[in-house]
file entry-v7.pdb (PDB, C-alpha atoms and all ligand atoms)
ATOM      1  CA  MET A 287     113.358  57.793 139.706
ATOM      2  CA  LYS A 288     114.220  57.100 136.125
ATOM      3  CA  THR A 289     110.593  56.917 135.013
ATOM      4  CA  ILE A 290     109.978  60.413 136.370
ATOM      5  CA  ALA A 291     113.201  61.979 135.126
ATOM      6  CA  MET A 292     112.727  60.877 131.545
ATOM      7  CA  PRO A 293     109.452  62.736 130.843
ATOM      8  CA  LEU A 294     110.838  65.778 132.578
ATOM      9  CA  LEU A 295     113.911  65.775 130.374
ATOM     10  CA  LEU A 296     111.713  65.227 127.370
ATOM     11  CA  LEU A 297     109.526  68.178 128.313
ATOM     12  CA  ALA A 298     112.555  70.386 128.802
ATOM     13  CA  ALA A 299     113.893  69.375 125.395
ATOM     14  CA  LEU A 300     110.548  70.052 123.761
ATOM     15  CA  ALA A 301     110.296  73.457 125.406
ATOM     16  CA  ALA A 302     113.756  74.379 124.155
ATOM     17  CA  ALA A 303     112.889  73.299 120.624
ATOM     18  CA  ALA A 304     109.526  75.069 120.544
ATOM     19  CA  PRO A 305     109.510  78.384 118.681
ATOM     20  CA  ALA A 306     109.507  81.518 120.805
ATOM     21  CA  GLN A 307     106.224  83.361 121.114
ATOM     22  CA  ALA A 308     105.213  84.599 117.683
ATOM     23  CA  LYS A 309     106.481  88.082 116.918
ATOM     24  CA  LEU A 310     104.194  91.044 116.466
ATOM     25  CA  ARG A 311     103.509  91.513 112.752
ATOM     26  CA  VAL A 312     103.445  95.082 111.487
ATOM     27  CA  PHE A 313     102.310  96.307 108.088
ATOM     28  CA  ALA A 314     103.562  99.794 107.164
ATOM     29  CA  CYS A 315     101.905 101.519 104.202
ATOM     30  CA  GLU A 316     104.922 103.710 103.361
ATOM     31  CA  PRO A 317     108.697 103.344 103.703
ATOM     32  CA  GLU A 318     109.022 106.213 106.208
ATOM     33  CA  TRP A 319     106.770 104.439 108.708
ATOM     34  CA  GLY A 320     108.484 101.117 108.044
ATOM     35  CA  SER A 321     111.757 102.826 108.866
ATOM     36  CA  LEU A 322     110.296 104.311 112.051
ATOM     37  CA  VAL A 323     108.977 100.903 113.163
ATOM     38  CA  GLN A 324     112.468  99.524 112.535
ATOM     39  CA  GLU A 325     113.991 102.244 114.728
ATOM     40  CA  LEU A 326     111.560 101.618 117.590
ATOM     41  CA  ALA A 327     111.138  97.852 117.466
ATOM     42  CA  GLY A 328     114.270  96.407 115.841
ATOM     43  CA  ASP A 329     113.960  92.631 115.575
ATOM     44  CA  LYS A 330     111.044  92.436 118.017
ATOM     45  CA  VAL A 331     108.554  92.662 115.131
ATOM     46  CA  ASP A 332     108.129  91.155 111.689
ATOM     47  CA  LEU A 333     107.718  94.070 109.325
ATOM     48  CA  ASP A 334     106.116  94.338 105.878
ATOM     49  CA  VAL A 335     106.243  97.616 103.959
ATOM     50  CA  GLY A 336     103.486  98.001 101.352
ATOM     51  CA  THR A 337     105.049 100.535  98.969
ATOM     52  CA  THR A 338     108.426 101.908  97.842
ATOM     53  CA  ALA A 339     109.789 105.421  97.344
ATOM     54  CA  LEU A 340     109.385 104.989  93.594
ATOM     55  CA  GLN A 341     105.619 104.536  93.869
ATOM     56  CA  ASP A 342     102.932 107.205  93.970
ATOM     57  CA  VAL A 343     101.165 106.364  97.235
ATOM     58  CA  HIS A 344      98.075 108.326  96.200
ATOM     59  CA  VAL A 345      97.353 105.462  93.804
ATOM     60  CA  VAL A 346      98.286 101.900  94.730
ATOM     61  CA  GLU A 347      96.813  98.707  93.371
ATOM     62  CA  ALA A 348      95.226  96.492  96.062
ATOM     63  CA  LYS A 349      97.140  93.399  94.951
ATOM     64  CA  PRO A 350      96.561  89.950  96.541
ATOM     65  CA  SER A 351     100.115  90.015  97.935
ATOM     66  CA  LEU A 352      99.279  93.194  99.864
ATOM     67  CA  ILE A 353      95.971  91.758 101.064
ATOM     68  CA  ALA A 354      97.843  88.717 102.419
ATOM     69  CA  LYS A 355     100.252  90.961 104.333
ATOM     70  CA  VAL A 356      97.419  92.976 105.876
ATOM     71  CA  ARG A 357      95.634  89.724 106.788
ATOM     72  CA  ALA A 358      98.680  88.603 108.769
ATOM     73  CA  ALA A 359      99.209  91.939 110.524
ATOM     74  CA  ASP A 360      98.656  92.731 114.217
ATOM     75  CA  LEU A 361      99.230  96.426 113.573
ATOM     76  CA  VAL A 362      99.045  98.652 110.487
ATOM     77  CA  VAL A 363     101.055 101.868 110.489
ATOM     78  CA  CYS A 364     100.001 104.252 107.727
ATOM     79  CA  THR A 365      99.814 107.971 107.027
ATOM     80  CA  GLY A 366      96.030 108.382 107.122
ATOM     81  CA  ALA A 367      94.452 111.797 106.402
ATOM     82  CA  GLU A 368      92.985 110.115 103.298
ATOM     83  CA  LEU A 369      96.372 109.617 101.607
ATOM     84  CA  GLU A 370      95.614 105.887 101.203
ATOM     85  CA  VAL A 371      91.841 106.332 100.798
ATOM     86  CA  GLY A 372      91.988 104.741  97.335
ATOM     87  CA  TRP A 373      93.492 101.445  98.503
ATOM     88  CA  LEU A 374      93.927 100.869 102.250
ATOM     89  CA  PRO A 375      90.221 100.483 103.124
ATOM     90  CA  GLN A 376      89.979  97.949 100.304
ATOM     91  CA  LEU A 377      93.023  96.028 101.578
ATOM     92  CA  ILE A 378      91.604  95.893 105.093
ATOM     93  CA  ARG A 379      88.133  94.886 103.905
ATOM     94  CA  GLN A 380      89.439  92.143 101.657
ATOM     95  CA  SER A 381      91.855  90.870 104.295
ATOM     96  CA  GLY A 382      88.936  90.281 106.690
ATOM     97  CA  ASN A 383      91.327  91.272 109.508
ATOM     98  CA  ALA A 384      89.115  93.159 111.984
ATOM     99  CA  LYS A 385      92.109  93.602 114.311
ATOM    100  CA  VAL A 386      93.622  96.279 112.073
ATOM    101  CA  ALA A 387      90.383  97.912 110.889
ATOM    102  CA  SER A 388      90.201 100.199 113.937
ATOM    103  CA  GLY A 389      91.323 100.413 117.540
ATOM    104  CA  ALA A 390      94.784  99.497 118.832
ATOM    105  CA  GLY A 391      95.760  97.645 115.649
ATOM    106  CA  SER A 392      95.335 100.756 113.495
ATOM    107  CA  PHE A 393      97.897 103.549 113.787
ATOM    108  CA  MET A 394      97.543 106.598 111.515
ATOM    109  CA  ALA A 395     100.519 108.943 111.691
ATOM    110  CA  ALA A 396      98.763 112.082 110.466
ATOM    111  CA  ALA A 397      96.122 111.690 113.190
ATOM    112  CA  GLN A 398      98.862 112.103 115.832
ATOM    113  CA  VAL A 399      99.878 115.603 114.713
ATOM    114  CA  ARG A 400      98.383 118.897 113.642
ATOM    115  CA  THR A 401      98.032 118.880 109.856
ATOM    116  CA  LEU A 402      98.476 121.892 107.589
ATOM    117  CA  GLU A 403      96.070 123.061 104.861
ATOM    118  CA  LYS A 404      93.034 121.827 106.760
ATOM    119  CA  PRO A 405      90.163 123.211 104.708
ATOM    120  CA  THR A 406      87.511 125.478 106.096
ATOM    121  CA  ALA A 407      83.861 124.541 105.627
ATOM    122  CA  LEU A 408      83.791 126.937 102.670
ATOM    123  CA  ASP A 409      86.720 125.189 100.914
ATOM    124  CA  ARG A 410      85.081 121.859 101.447
ATOM    125  CA  ALA A 411      82.042 122.903  99.442
ATOM    126  CA  ASN A 412      84.371 123.180  96.423
ATOM    127  CA  GLY A 413      85.098 119.470  96.656
ATOM    128  CA  ASP A 414      88.342 117.648  95.921
ATOM    129  CA  VAL A 415      90.064 118.652  99.140
ATOM    130  CA  HIS A 416      91.347 116.521 101.992
ATOM    131  CA  PRO A 417      89.146 117.243 105.025
ATOM    132  CA  ASP A 418      91.974 116.146 107.339
ATOM    133  CA  GLY A 419      94.554 118.463 105.778
ATOM    134  CA  ASN A 420      97.705 117.793 103.761
ATOM    135  CA  PRO A 421      98.733 114.193 104.490
ATOM    136  CA  HIS A 422     102.442 114.445 103.529
ATOM    137  CA  ILE A 423     103.686 114.945 107.087
ATOM    138  CA  GLN A 424     106.826 112.809 106.826
ATOM    139  CA  MET A 425     109.059 115.633 105.624
ATOM    140  CA  ASP A 426     108.861 117.448 108.969
ATOM    141  CA  PRO A 427     111.240 115.993 111.594
ATOM    142  CA  ARG A 428     109.292 117.725 114.385
ATOM    143  CA  ARG A 429     106.175 115.805 113.442
ATOM    144  CA  ILE A 430     108.192 112.587 112.987
ATOM    145  CA  LEU A 431     109.274 112.927 116.631
ATOM    146  CA  ILE A 432     105.683 113.233 117.858
ATOM    147  CA  VAL A 433     104.636 110.266 115.719
ATOM    148  CA  ALA A 434     107.588 108.270 117.091
ATOM    149  CA  ARG A 435     106.541 108.868 120.696
ATOM    150  CA  ARG A 436     102.932 107.872 119.996
ATOM    151  CA  LEU A 437     103.958 104.825 117.965
ATOM    152  CA  ASP A 438     106.317 103.674 120.710
ATOM    153  CA  ALA A 439     103.454 103.918 123.216
ATOM    154  CA  ARG A 440     101.257 101.886 120.860
ATOM    155  CA  LEU A 441     103.882  99.149 120.499
ATOM    156  CA  ILE A 442     104.167  98.951 124.296
ATOM    157  CA  GLN A 443     100.370  98.743 124.563
ATOM    158  CA  ILE A 444      99.878  95.888 122.123
ATOM    159  CA  ASP A 445     103.097  93.984 122.839
ATOM    160  CA  PRO A 446     103.758  94.497 126.578
ATOM    161  CA  ALA A 447     106.127  91.515 126.700
ATOM    162  CA  ASN A 448     108.687  93.625 124.835
ATOM    163  CA  ALA A 449     107.884  96.927 126.553
ATOM    164  CA  ASP A 450     111.417  97.375 127.893
ATOM    165  CA  THR A 451     112.907  97.081 124.420
ATOM    166  CA  TYR A 452     110.436  99.576 122.951
ATOM    167  CA  ARG A 453     111.142 102.014 125.782
ATOM    168  CA  GLN A 454     114.903 101.755 125.352
ATOM    169  CA  ARG A 455     114.791 102.009 121.583
ATOM    170  CA  GLY A 456     112.299 104.893 121.756
ATOM    171  CA  ALA A 457     114.574 106.827 124.110
ATOM    172  CA  SER A 458     117.613 106.115 121.940
ATOM    173  CA  PHE A 459     115.789 107.242 118.794
ATOM    174  CA  GLU A 460     114.587 110.444 120.451
ATOM    175  CA  LYS A 461     118.098 111.336 121.626
ATOM    176  CA  ARG A 462     119.667 110.735 118.204
ATOM    177  CA  TRP A 463     116.783 112.455 116.400
ATOM    178  CA  LEU A 464     116.939 115.630 118.522
ATOM    179  CA  ALA A 465     120.702 115.862 117.902
ATOM    180  CA  ALA A 466     120.172 115.372 114.167
ATOM    181  CA  MET A 467     117.401 117.998 114.098
ATOM    182  CA  ALA A 468     119.702 120.566 115.704
ATOM    183  CA  LYS A 469     122.376 119.771 113.095
ATOM    184  CA  TRP A 470     119.896 119.973 110.182
ATOM    185  CA  SER A 471     118.421 123.277 111.380
ATOM    186  CA  ALA A 472     121.893 124.835 111.653
ATOM    187  CA  GLU A 473     122.954 123.551 108.223
ATOM    188  CA  ALA A 474     119.724 124.699 106.586
ATOM    189  CA  ALA A 475     119.853 128.268 107.934
ATOM    190  CA  PRO A 476     120.898 129.725 104.535
ATOM    191  CA  LEU A 477     117.717 128.280 102.971
ATOM    192  CA  LYS A 478     115.433 130.456 105.082
ATOM    193  CA  GLY A 479     113.325 132.791 102.945
ATOM    194  CA  ARG A 480     114.284 131.101  99.668
ATOM    195  CA  LYS A 481     111.537 130.352  97.135
ATOM    196  CA  VAL A 482     110.717 127.106  95.346
ATOM    197  CA  VAL A 483     108.328 125.805  92.724
ATOM    198  CA  VAL A 484     107.103 122.235  93.137
ATOM    199  CA  HIS A 485     105.692 119.463  90.981
ATOM    200  CA  HIS A 486     102.976 118.582  93.527
ATOM    201  CA  ILE A 487     102.156 120.135  96.921
ATOM    202  CA  SER A 488     103.943 117.285  98.689
ATOM    203  CA  TRP A 489     106.411 119.430 100.617
ATOM    204  CA  VAL A 490     104.436 121.921 102.716
ATOM    205  CA  TYR A 491     105.752 120.462 105.974
ATOM    206  CA  LEU A 492     109.371 120.614 104.845
ATOM    207  CA  TRP A 493     108.996 124.251 103.790
ATOM    208  CA  ASP A 494     107.184 125.061 107.022
ATOM    209  CA  TRP A 495     110.090 123.615 109.026
ATOM    210  CA  LEU A 496     112.861 125.244 106.981
ATOM    211  CA  GLY A 497     111.175 128.604 106.373
ATOM    212  CA  ILE A 498     111.181 128.098 102.595
ATOM    213  CA  GLN A 499     108.396 129.676 100.540
ATOM    214  CA  GLU A 500     106.505 127.710  97.879
ATOM    215  CA  ILE A 501     105.501 130.093  95.091
ATOM    216  CA  GLY A 502     103.912 127.707  92.612
ATOM    217  CA  ALA A 503     103.089 124.117  91.636
ATOM    218  CA  LEU A 504     103.122 122.348  88.278
ATOM    219  CA  GLU A 505     100.310 120.060  89.402
ATOM    220  CA  PRO A 506      98.353 121.805  92.142
ATOM    221  CA  LYS A 507      96.162 118.721  92.348
ATOM    222  CA  PRO A 508      97.762 115.261  92.105
ATOM    223  CA  SER A 509      97.560 113.678  88.657
ATOM    224  CA  VAL A 510      95.534 116.554  87.215
ATOM    225  CA  PRO A 511      97.368 117.980  84.171
ATOM    226  CA  PRO A 512      97.858 121.751  84.418
ATOM    227  CA  THR A 513      96.264 124.098  81.900
ATOM    228  CA  ALA A 514      98.341 126.095  79.376
ATOM    229  CA  ALA A 515      97.362 129.330  81.126
ATOM    230  CA  HIS A 516      98.552 127.960  84.468
ATOM    231  CA  LEU A 517     101.904 126.945  82.950
ATOM    232  CA  ALA A 518     102.422 130.315  81.263
ATOM    233  CA  GLU A 519     101.779 132.065  84.561
ATOM    234  CA  LEU A 520     104.135 129.666  86.349
ATOM    235  CA  VAL A 521     106.989 130.448  83.924
ATOM    236  CA  GLY A 522     106.628 134.129  84.806
ATOM    237  CA  ILE A 523     106.469 133.496  88.563
ATOM    238  CA  THR A 524     109.476 131.152  88.482
ATOM    239  CA  LYS A 525     111.591 133.565  86.437
ATOM    240  CA  SER A 526     110.898 136.680  88.471
ATOM    241  CA  ASN A 527     111.456 135.390  92.012
ATOM    242  CA  ASN A 528     115.124 134.332  92.159
ATOM    243  CA  THR A 529     113.699 130.828  92.588
ATOM    244  CA  LEU A 530     115.983 128.334  94.325
ATOM    245  CA  ALA A 531     114.769 125.206  92.547
ATOM    246  CA  ILE A 532     111.948 123.320  90.870
ATOM    247  CA  VAL A 533     111.347 120.389  93.201
ATOM    248  CA  HIS A 534     109.918 116.987  92.403
ATOM    249  CA  ALA A 535     109.855 113.694  94.336
ATOM    250  CA  ALA A 536     111.825 110.609  93.306
ATOM    251  CA  TYR A 537     108.650 108.842  92.135
ATOM    252  CA  GLN A 538     107.419 111.720  89.985
ATOM    253  CA  ASP A 539     108.048 112.168  86.275
ATOM    254  CA  SER A 540     110.814 114.741  85.826
ATOM    255  CA  LYS A 541     109.487 115.948  82.448
ATOM    256  CA  PRO A 542     107.221 118.774  83.705
ATOM    257  CA  SER A 543     110.015 120.066  85.965
ATOM    258  CA  ASN A 544     112.558 119.882  83.122
ATOM    259  CA  TRP A 545     110.116 121.732  80.864
ATOM    260  CA  LEU A 546     109.861 124.585  83.369
ATOM    261  CA  SER A 547     113.615 124.567  83.985
ATOM    262  CA  GLN A 548     114.362 124.963  80.282
ATOM    263  CA  ARG A 549     112.137 128.024  80.124
ATOM    264  CA  THR A 550     113.386 129.678  83.298
ATOM    265  CA  GLY A 551     116.984 128.574  83.885
ATOM    266  CA  VAL A 552     116.035 127.468  87.420
ATOM    267  CA  PRO A 553     117.537 124.064  88.333
ATOM    268  CA  VAL A 554     115.458 120.927  88.887
ATOM    269  CA  LEU A 555     115.870 119.180  92.215
ATOM    270  CA  ASN A 556     114.909 115.527  92.590
ATOM    271  CA  LEU A 557     114.362 114.997  96.332
ATOM    272  CA  PRO A 558     113.924 111.530  97.884
ATOM    273  CA  PHE A 559     110.573 112.323  99.630
ATOM    274  CA  THR A 560     110.813 109.108 101.640
ATOM    275  CA  VAL A 561     113.238 106.406 102.728
ATOM    276  CA  GLY A 562     114.667 104.695  99.638
ATOM    277  CA  GLY A 563     114.131 107.724  97.378
ATOM    278  CA  ASP A 564     117.869 107.942  96.695
ATOM    279  CA  ALA A 565     121.052 106.084  97.619
ATOM    280  CA  GLN A 566     121.674 108.137 100.750
ATOM    281  CA  SER A 567     118.134 107.814 102.134
ATOM    282  CA  LYS A 568     118.626 104.398 103.700
ATOM    283  CA  ASP A 569     116.725 105.396 106.838
ATOM    284  CA  LEU A 570     114.945 108.467 108.236
ATOM    285  CA  PHE A 571     118.251 110.104 109.189
ATOM    286  CA  GLY A 572     119.629 109.605 105.666
ATOM    287  CA  LEU A 573     116.377 110.969 104.209
ATOM    288  CA  PHE A 574     116.880 114.350 105.888
ATOM    289  CA  ASP A 575     120.680 114.358 105.435
ATOM    290  CA  SER A 576     120.141 113.940 101.703
ATOM    291  CA  THR A 577     117.243 116.405 101.428
ATOM    292  CA  ILE A 578     119.132 119.200 103.218
ATOM    293  CA  ALA A 579     122.337 118.534 101.262
ATOM    294  CA  LYS A 580     120.498 118.672  97.926
ATOM    295  CA  LEU A 581     118.695 121.922  98.798
ATOM    296  CA  LEU A 582     121.984 123.490  99.943
ATOM    297  CA  GLY A 583     123.617 122.288  96.718
ATOM    298  CA  ALA A 584     121.029 124.238  94.715
ATOM    299  CA  ALA A 585     121.592 127.324  96.883
ATOM    300  CA  LYS A 586     125.333 127.491  96.029
TER     301      LYS A 586
HETATM  302 ZN    ZN A 601      99.307 114.547  97.875
END

call {"tool": "encode", "arguments": {"input": "entry-v7.pdb", "output": "structure tokens", "more": "lines below"}}
Ligand SMILES: [Zn+2]
result
Amino acid sequence: MKTIAMPLLLLAALAAAAPAQAKLRVFACEPEWGSLVQELAGDKVDLDVGTTALQDVHVVEAKPSLIAKVRAADLVVCTGAELEVGWLPQLIRQSGNAKVASGAGSFMAAAQVRTLEKPTALDRANGDVHPDGNPHIQMDPRRILIVARRLDARLIQIDPANADTYRQRGASFEKRWLAAMAKWSAEAAPLKGRKVVVHHISWVYLWDWLGIQEIGALEPKPSVPPTAAHLAELVGITKSNNTLAIVHAAYQDSKPSNWLSQRTGVPVLNLPFTVGGDAQSKDLFGLFDSTIAKLLGAAK
């Protein structure tokens, strides 16, 4: 009796001491997708976020620390639509992690929704355009909701052991998000029809949602310095349109916006652009709370 009981007890003890099944590892390229993974998965995944709100995600250095994180990942969650074309393919290649190169381990948010500014064949001949449209989809809560549903389904697919958790958290997120969207839309009603000038064309989805009109950009193309003629024209446009604000993202240099503000008297607005872009933007809800509040502040 004793000789049988002992190994059994030992086995039970070993089983109790053994670590639980390894958690799903997720690598998010940008803070907004990291935040969304957090909402949907909670502590069921180990999450790495590759960039911060104070970085320009058009240009990121493929550092060894990032390569290591991609190597360990079961799932990468990124924007896609060529936003990370300068660094993500390199990270994946150098990580040697075929699991996240394509298929279920690769989730591109922009591929889940309809993108704006998709060029026609004619535009494409001019070069320097994104064939998949404007990639900055995270500033539209309607698109965030669609991405959330698709991402939740993907988590269930690749980690079925935790399917119940993902379903519950997905439903909870959707309920809270729809309520927040109704609140934001009501609050933002006075912004409808207002005009803005931007640093870079990063905000088309936000304007599309709120009914705000973008009438000019300091840098129509990212990181390409504007010409003197373009700036002179922009001063005129900004002055003559009762412009609400000159908008730049937290990561962008405020100098060009300040320059235009000094010449036009139109205020500069530094918007968070993603989670972590200001103190209030601690998660996706805070990101939109802050963005709406700042726009309304300029409208007063
Ligand atoms: Zn861009």

call {"tool": "residues_near_ligand", "arguments": {"input": "entry-v7.pdb", "ligand": "ligand ZN 601 (chain A)", "cutoff": "9 Å", "atoms": "all atoms listed in the file", "output": "MDAnalysis selection string"}}
result
chainID A and resid 343:344 369 420:422 486:488 507:508

call {"tool": "closest_residue", "arguments": {"input": "entry-v7.pdb", "among": "A:Ala466, A:Val433, A:Ala397, A:Leu326", "to": "Phe571 in chain A", "atoms": "all atoms listed in the file"}}
result
A:Ala466

call {"tool": "residues_around", "arguments": {"input": "entry-v7.pdb", "residues": "Ala518 in chain A", "least_positions_apart": "5", "cutoff": "10 Å", "atoms": "all atoms listed in the file", "output": "list in words"}}
result
Thr513, Ile523 and Leu546 of chain A

call {"tool": "atom_distance", "arguments": {"input": "entry-v7.pdb", "atom1": "CA of Ser471 in chain A", "atom2": "CA of Val554 in chain A"}}
result
22.8 Å

call {"tool": "residues_around", "arguments": {"input": "entry-v7.pdb", "residues": "Val363 in chain A", "least_positions_apart": "6", "cutoff": "12 Å", "atoms": "all atoms listed in the file", "output": "VMD selection string"}}
result
chain A and resid 311 to 324 333 to 336 356 370 374 386 to 388 390 to 398 433 to 434 436 to 438 440 to 441

call {"tool": "resolve_selection", "arguments": {"input": "entry-v7.pdb", "expression": "the PyMOL selection byres (((chain A and resi 505) around 10) and not hetatm)", "output": "ChimeraX atom specification"}}
result
/A:484-487,502-504,506-513,516-517,542

call {"tool": "closest_residue", "arguments": {"input": "entry-v7.pdb", "among": "A:Val346, A:Ala472, A:Val371, A:Ala585", "to": "His416 in chain A", "atoms": "all atoms listed in the file"}}
result
A:Val371

call {"tool": "resolve_selection", "arguments": {"input": "entry-v7.pdb", "expression": "the PyMOL selection byres (((chain A and resi 553) around 12) and not hetatm)", "output": "MDAnalysis selection string"}}
result
chainID A and resid 482:484 524:525 528:534 540 543:552 554:556 580:581 583:586

call {"tool": "atom_distance", "arguments": {"input": "entry-v7.pdb", "atom1": "CA of Gly563 in chain A", "atom2": "CA of Leu340 in chain A"}}
result
6.7 Å

call {"tool": "residues_near_point", "arguments": {"input": "entry-v7.pdb", "point": "(113.8, 103.4, 122.3)", "cutoff": "10 Å", "atoms": "only C-alpha atoms", "output": "ChimeraX atom specification"}}
result
/A:325-328,434-435,438,449-461

call {"tool": "atom_distance", "arguments": {"input": "entry-v7.pdb", "atom1": "CA of Leu492 in chain A", "atom2": "CA of Ile423 in chain A"}}
result
8.3 Å

call {"tool": "residues_around", "arguments": {"input": "entry-v7.pdb", "residues": "range 475-478 of chain A", "least_positions_apart": "2", "cutoff": "6 Å", "atoms": "all atoms listed in the file", "output": "PyMOL selection string"}}
result
chain A and resi 472-473+480+497-498

call {"tool": "residues_near_point", "arguments": {"input": "entry-v7.pdb", "point": "(89.3, 91.3, 109.6)", "cutoff": "12 Å", "atoms": "only C-alpha atoms", "output": "list of chain:residue names"}}
result
A:Ile353, A:Ala354, A:Val356, A:Arg357, A:Ala358, A:Ala359, A:Asp360, A:Leu361, A:Pro375, A:Gln376, A:Leu377, A:Ile378, A:Arg379, A:Gln380, A:Ser381, A:Gly382, A:Asn383, A:Ala384, A:Lys385, A:Val386, A:Ala387, A:Ser388, A:Gly391, A:Ser392

call {"tool": "closest_residue", "arguments": {"input": "entry-v7.pdb", "among": "A:Leu402, A:Val331, A:Ala579, A:Ala536", "to": "Ile444 in chain A", "atoms": "all atoms listed in the file"}}
result
A:Val331

call {"tool": "build_atoms", "arguments": {"input": "entry-v7.pdb", "residues": "range 347-359 of chain A", "atoms": "N, CA, C and O atoms", "output": "mmCIF file, in the frame of the given file"}}
result
data_model
loop_
_atom_site.group_PDB
_atom_site.id
_atom_site.type_symbol
_atom_site.label_atom_id
_atom_site.label_comp_id
_atom_site.auth_asym_id
_atom_site.auth_seq_id
_atom_site.Cartn_x
_atom_site.Cartn_y
_atom_site.Cartn_z
ATOM 1 N N GLU A 347 97.716 99.804 93.712
ATOM 2 C CA GLU A 347 96.813 98.707 93.371
ATOM 3 C C GLU A 347 96.694 97.750 94.564
ATOM 4 O O GLU A 347 97.719 97.363 95.148
ATOM 5 N N ALA A 348 95.460 97.394 94.921
ATOM 6 C CA ALA A 348 95.226 96.492 96.062
ATOM 7 C C ALA A 348 95.477 95.048 95.640
ATOM 8 O O ALA A 348 94.572 94.248 95.492
ATOM 9 N N LYS A 349 96.756 94.726 95.453
ATOM 10 C CA LYS A 349 97.140 93.399 94.951
ATOM 11 C C LYS A 349 96.942 92.319 96.019
ATOM 12 O O LYS A 349 97.025 92.594 97.208
ATOM 13 N N PRO A 350 96.713 91.061 95.580
ATOM 14 C CA PRO A 350 96.561 89.950 96.541
ATOM 15 C C PRO A 350 97.736 89.828 97.507
ATOM 16 O O PRO A 350 97.550 89.494 98.678
ATOM 17 N N SER A 351 98.948 90.129 97.042
ATOM 18 C CA SER A 351 100.115 90.015 97.935
ATOM 19 C C SER A 351 100.007 91.020 99.096
ATOM 20 O O SER A 351 100.383 90.715 100.230
ATOM 21 N N LEU A 352 99.468 92.202 98.801
ATOM 22 C CA LEU A 352 99.279 93.194 99.864
ATOM 23 C C LEU A 352 98.156 92.776 100.807
ATOM 24 O O LEU A 352 98.255 92.947 102.021
ATOM 25 N N ILE A 353 97.102 92.228 100.241
ATOM 26 C CA ILE A 353 95.971 91.758 101.064
ATOM 27 C C ILE A 353 96.464 90.692 102.052
ATOM 28 O O ILE A 353 96.124 90.712 103.231
ATOM 29 N N ALA A 354 97.311 89.791 101.560
ATOM 30 C CA ALA A 354 97.843 88.717 102.419
ATOM 31 C C ALA A 354 98.654 89.302 103.569
ATOM 32 O O ALA A 354 98.591 88.818 104.707
ATOM 33 N N LYS A 355 99.427 90.345 103.284
ATOM 34 C CA LYS A 355 100.252 90.961 104.333
ATOM 35 C C LYS A 355 99.383 91.648 105.388
ATOM 36 O O LYS A 355 99.665 91.573 106.581
ATOM 37 N N VAL A 356 98.323 92.312 104.929
ATOM 38 C CA VAL A 356 97.419 92.976 105.876
ATOM 39 C C VAL A 356 96.669 91.921 106.708
ATOM 40 O O VAL A 356 96.435 92.108 107.900
ATOM 41 N N ARG A 357 96.330 90.806 106.078
ATOM 42 C CA ARG A 357 95.634 89.724 106.788
ATOM 43 C C ARG A 357 96.487 89.210 107.950
ATOM 44 O O ARG A 357 95.988 88.878 109.017
ATOM 45 N N ALA A 358 97.782 89.160 107.749
ATOM 46 C CA ALA A 358 98.680 88.603 108.769
ATOM 47 C C ALA A 358 99.063 89.610 109.849
ATOM 48 O O ALA A 358 99.682 89.249 110.851
ATOM 49 N N ALA A 359 98.687 90.885 109.649
ATOM 50 C CA ALA A 359 99.209 91.939 110.524
ATOM 51 C C ALA A 359 98.481 92.029 111.872
ATOM 52 O O ALA A 359 97.278 91.799 111.961
#
